[in-house]
Amino acid sequence: MKSLKDKLKNHTEDIVLENMEEMLTSEEFAGVCTCEKCLLDIASYALNRLPAKYIVSHSGNVHTKIAEFEQQYRVDIIKVLTQGIKIVSKNPRH
Ligand SMILES: [Zn+2]
């Protein structure tokens, strides 16, 4: 079963990390700590509240499916990330 595990990937992780990076470079979140601890707290906050997206592709159309998913959930992803950033930056664990 290990080989199956290696092939399963939650694409929500990629999308959340990409959006988080983009948001944290914007002026709105200029004062937010971006150390590894805070980034992991923000990412896990968001990932625990967003649906996981596993895509197994046999025809190479993974990117289309991920793009569709991202478009569908973009508003939720931004909303949850904004909450996470606010909560973590108010109470950093350091
Ligand atoms: Zn920090």
# chains A, B, ... in the order shown; residues from 1 in each chain; ligands from 1

call {"tool": "residues_around", "arguments": {"residues": "range 65-68 of chain A", "least_positions_apart": "6", "cutoff": "9 Å", "atoms": "only C-alpha atoms", "output": "JSON, numbers by chain"}}
result
{"A": [11, 12, 15, 53, 55]}

call {"tool": "residues_near_ligand", "arguments": {"ligand": "ligand 1", "cutoff": "9 Å", "atoms": "only C-alpha atoms and all ligand atoms", "output": "JSON, numbers by chain"}}
result
{"A": [32, 33, 34, 35, 36, 37, 38, 39, 88, 89, 92, 93, 94]}

call {"tool": "atom_distance", "arguments": {"atom1": "CA of Ser3 in chain A", "atom2": "CA of Tyr54 in chain A"}}
result
15.4 Å

call {"tool": "closest_residue", "arguments": {"among": "A:Leu40, A:Val56, A:Leu8, A:Ala46", "to": "Gln83 in chain A", "atoms": "only C-alpha atoms"}}
result
A:Ala46

call {"tool": "atom_distance", "arguments": {"atom1": "CA of Asp76 in chain A", "atom2": "CA of Lys7 in chain A"}}
result
26.5 Å

call {"tool": "select_by_dssp", "arguments": {"residues": "chain A", "states": "alpha helix (DSSP H)", "output": "JSON, numbers by chain"}}
result
{"A": [2, 3, 4, 5, 6, 7, 11, 12, 13, 14, 15, 16, 17, 18, 19, 20, 21, 22, 23, 24, 36, 37, 38, 39, 40, 41, 42, 43, 44, 45, 46, 47, 62, 63, 64, 65, 66, 67, 68, 69, 70, 71, 72, 73, 74, 75, 76, 77, 78, 79, 80, 81, 82, 83, 84, 85, 86, 87, 88, 89, 90]}

call {"tool": "closest_residue", "arguments": {"among": "A:Leu4, A:Val62, A:Leu24, A:Leu17", "to": "Ile77 in chain A", "atoms": "only C-alpha atoms"}}
result
A:Leu17

call {"tool": "residues_around", "arguments": {"residues": "Ile87 in chain A", "least_positions_apart": "6", "cutoff": "10 Å", "atoms": "only C-alpha atoms", "output": "mmCIF file with C-alpha atoms, in the first residue's frame"}}
result
data_model
loop_
_atom_site.group_PDB
_atom_site.id
_atom_site.type_symbol
_atom_site.label_atom_id
_atom_site.label_comp_id
_atom_site.auth_asym_id
_atom_site.auth_seq_id
_atom_site.Cartn_x
_atom_site.Cartn_y
_atom_site.Cartn_z
ATOM 1 C CA ASP A 41 -0.086 27.359 11.581
ATOM 2 C CA ILE A 42 -1.814 29.431 8.905
ATOM 3 C CA TYR A 45 -5.735 26.279 9.842
ATOM 4 C CA LEU A 81 -6.677 32.012 4.655
#

call {"tool": "atom_distance", "arguments": {"atom1": "CA of Asp6 in chain A", "atom2": "CA of Arg74 in chain A"}}
result
26.7 Å

call {"tool": "closest_residue", "arguments": {"among": "A:Glu70, A:Lys2, A:Asn91, A:Gly84", "to": "Glu18 in chain A", "atoms": "only C-alpha atoms"}}
result
A:Glu70

call {"tool": "decode", "arguments": {"residues": "chain A", "atoms": "C-alpha atoms", "output": "tab-separated table (two decimals), in the first residue's frame"}}
result
chain	number	residue	atom	x	y	z
A	1	MET	CA	0.00	0.00	0.00
A	2	LYS	CA	2.99	2.28	0.38
A	3	SER	CA	3.26	2.85	-3.35
A	4	LEU	CA	-0.36	3.94	-3.44
A	5	LYS	CA	0.28	6.37	-0.62
A	6	ASP	CA	3.16	7.92	-2.53
A	7	LYS	CA	0.91	8.51	-5.51
A	8	LEU	CA	-1.90	10.13	-3.57
A	9	LYS	CA	-1.53	13.84	-3.25
A	10	ASN	CA	-3.84	16.44	-1.79
A	11	HIS	CA	-3.77	19.27	-4.30
A	12	THR	CA	-5.53	21.60	-1.88
A	13	GLU	CA	-2.13	21.83	-0.15
A	14	ASP	CA	-0.48	23.27	-3.26
A	15	ILE	CA	-3.30	25.71	-3.89
A	16	VAL	CA	-3.40	26.88	-0.28
A	17	LEU	CA	0.37	27.36	-0.12
A	18	GLU	CA	0.41	29.28	-3.41
A	19	ASN	CA	-2.41	31.58	-2.35
A	20	MET	CA	-0.95	32.05	1.13
A	21	GLU	CA	2.38	33.17	-0.33
A	22	GLU	CA	0.64	35.57	-2.68
A	23	MET	CA	-1.51	37.04	0.08
A	24	LEU	CA	1.38	37.49	2.50
A	25	THR	CA	3.31	39.52	-0.05
A	26	SER	CA	0.38	41.94	-0.42
A	27	GLU	CA	0.22	45.21	1.49
A	28	GLU	CA	-2.84	44.12	3.43
A	29	PHE	CA	-0.76	41.63	5.41
A	30	ALA	CA	2.51	43.55	5.44
A	31	GLY	CA	3.05	43.25	9.22
A	32	VAL	CA	2.34	39.52	9.47
A	33	CYS	CA	5.14	37.24	10.71
A	34	THR	CA	6.23	34.80	8.00
A	35	CYS	CA	8.47	32.49	10.02
A	36	GLU	CA	8.04	28.77	9.44
A	37	LYS	CA	5.95	28.26	12.60
A	38	CYS	CA	3.43	30.92	11.66
A	39	LEU	CA	3.26	29.79	8.03
A	40	LEU	CA	2.59	26.21	9.12
A	41	ASP	CA	-0.09	27.36	11.58
A	42	ILE	CA	-1.81	29.43	8.90
A	43	ALA	CA	-1.58	26.63	6.34
A	44	SER	CA	-2.93	23.97	8.71
A	45	TYR	CA	-5.73	26.28	9.84
A	46	ALA	CA	-6.82	26.66	6.22
A	47	LEU	CA	-6.28	23.03	5.25
A	48	ASN	CA	-8.40	21.78	8.16
A	49	ARG	CA	-11.29	23.88	6.88
A	50	LEU	CA	-11.09	23.26	3.14
A	51	PRO	CA	-12.03	20.10	1.27
A	52	ALA	CA	-9.15	17.85	0.28
A	53	LYS	CA	-8.71	17.38	-3.44
A	54	TYR	CA	-7.14	14.16	-4.61
A	55	ILE	CA	-6.83	13.73	-8.33
A	56	VAL	CA	-5.66	10.52	-9.94
A	57	SER	CA	-5.06	11.07	-13.58
A	58	HIS	CA	-4.45	8.53	-16.25
A	59	SER	CA	-4.78	10.93	-19.13
A	60	GLY	CA	-2.66	13.89	-18.12
A	61	ASN	CA	-5.47	16.37	-17.52
A	62	VAL	CA	-4.62	16.91	-13.86
A	63	HIS	CA	-3.87	20.60	-14.34
A	64	THR	CA	-7.26	21.32	-15.87
A	65	LYS	CA	-8.98	19.61	-12.98
A	66	ILE	CA	-6.91	21.48	-10.40
A	67	ALA	CA	-7.64	24.80	-12.13
A	68	GLU	CA	-11.36	24.02	-12.08
A	69	PHE	CA	-11.19	23.15	-8.40
A	70	GLU	CA	-9.22	26.29	-7.60
A	71	GLN	CA	-11.71	28.49	-9.45
A	72	GLN	CA	-14.61	26.84	-7.69
A	73	TYR	CA	-13.12	27.23	-4.24
A	74	ARG	CA	-11.05	30.38	-4.67
A	75	VAL	CA	-13.41	32.56	-2.64
A	76	ASP	CA	-13.45	30.02	0.20
A	77	ILE	CA	-9.68	29.58	0.07
A	78	ILE	CA	-9.06	33.34	0.32
A	79	LYS	CA	-11.66	33.70	3.09
A	80	VAL	CA	-10.27	30.88	5.21
A	81	LEU	CA	-6.68	32.01	4.66
A	82	THR	CA	-7.59	35.56	5.69
A	83	GLN	CA	-9.11	34.20	8.92
A	84	GLY	CA	-6.07	32.02	9.54
A	85	ILE	CA	-3.62	34.86	8.96
A	86	LYS	CA	-5.55	37.13	11.35
A	87	ILE	CA	-5.82	34.50	14.09
A	88	VAL	CA	-2.20	33.35	13.88
A	89	SER	CA	-0.76	36.87	13.62
A	90	LYS	CA	-2.72	37.90	16.73
A	91	ASN	CA	-1.53	34.88	18.72
A	92	PRO	CA	1.79	33.71	17.30
A	93	ARG	CA	3.19	30.64	19.07
A	94	HIS	CA	6.51	32.28	19.80
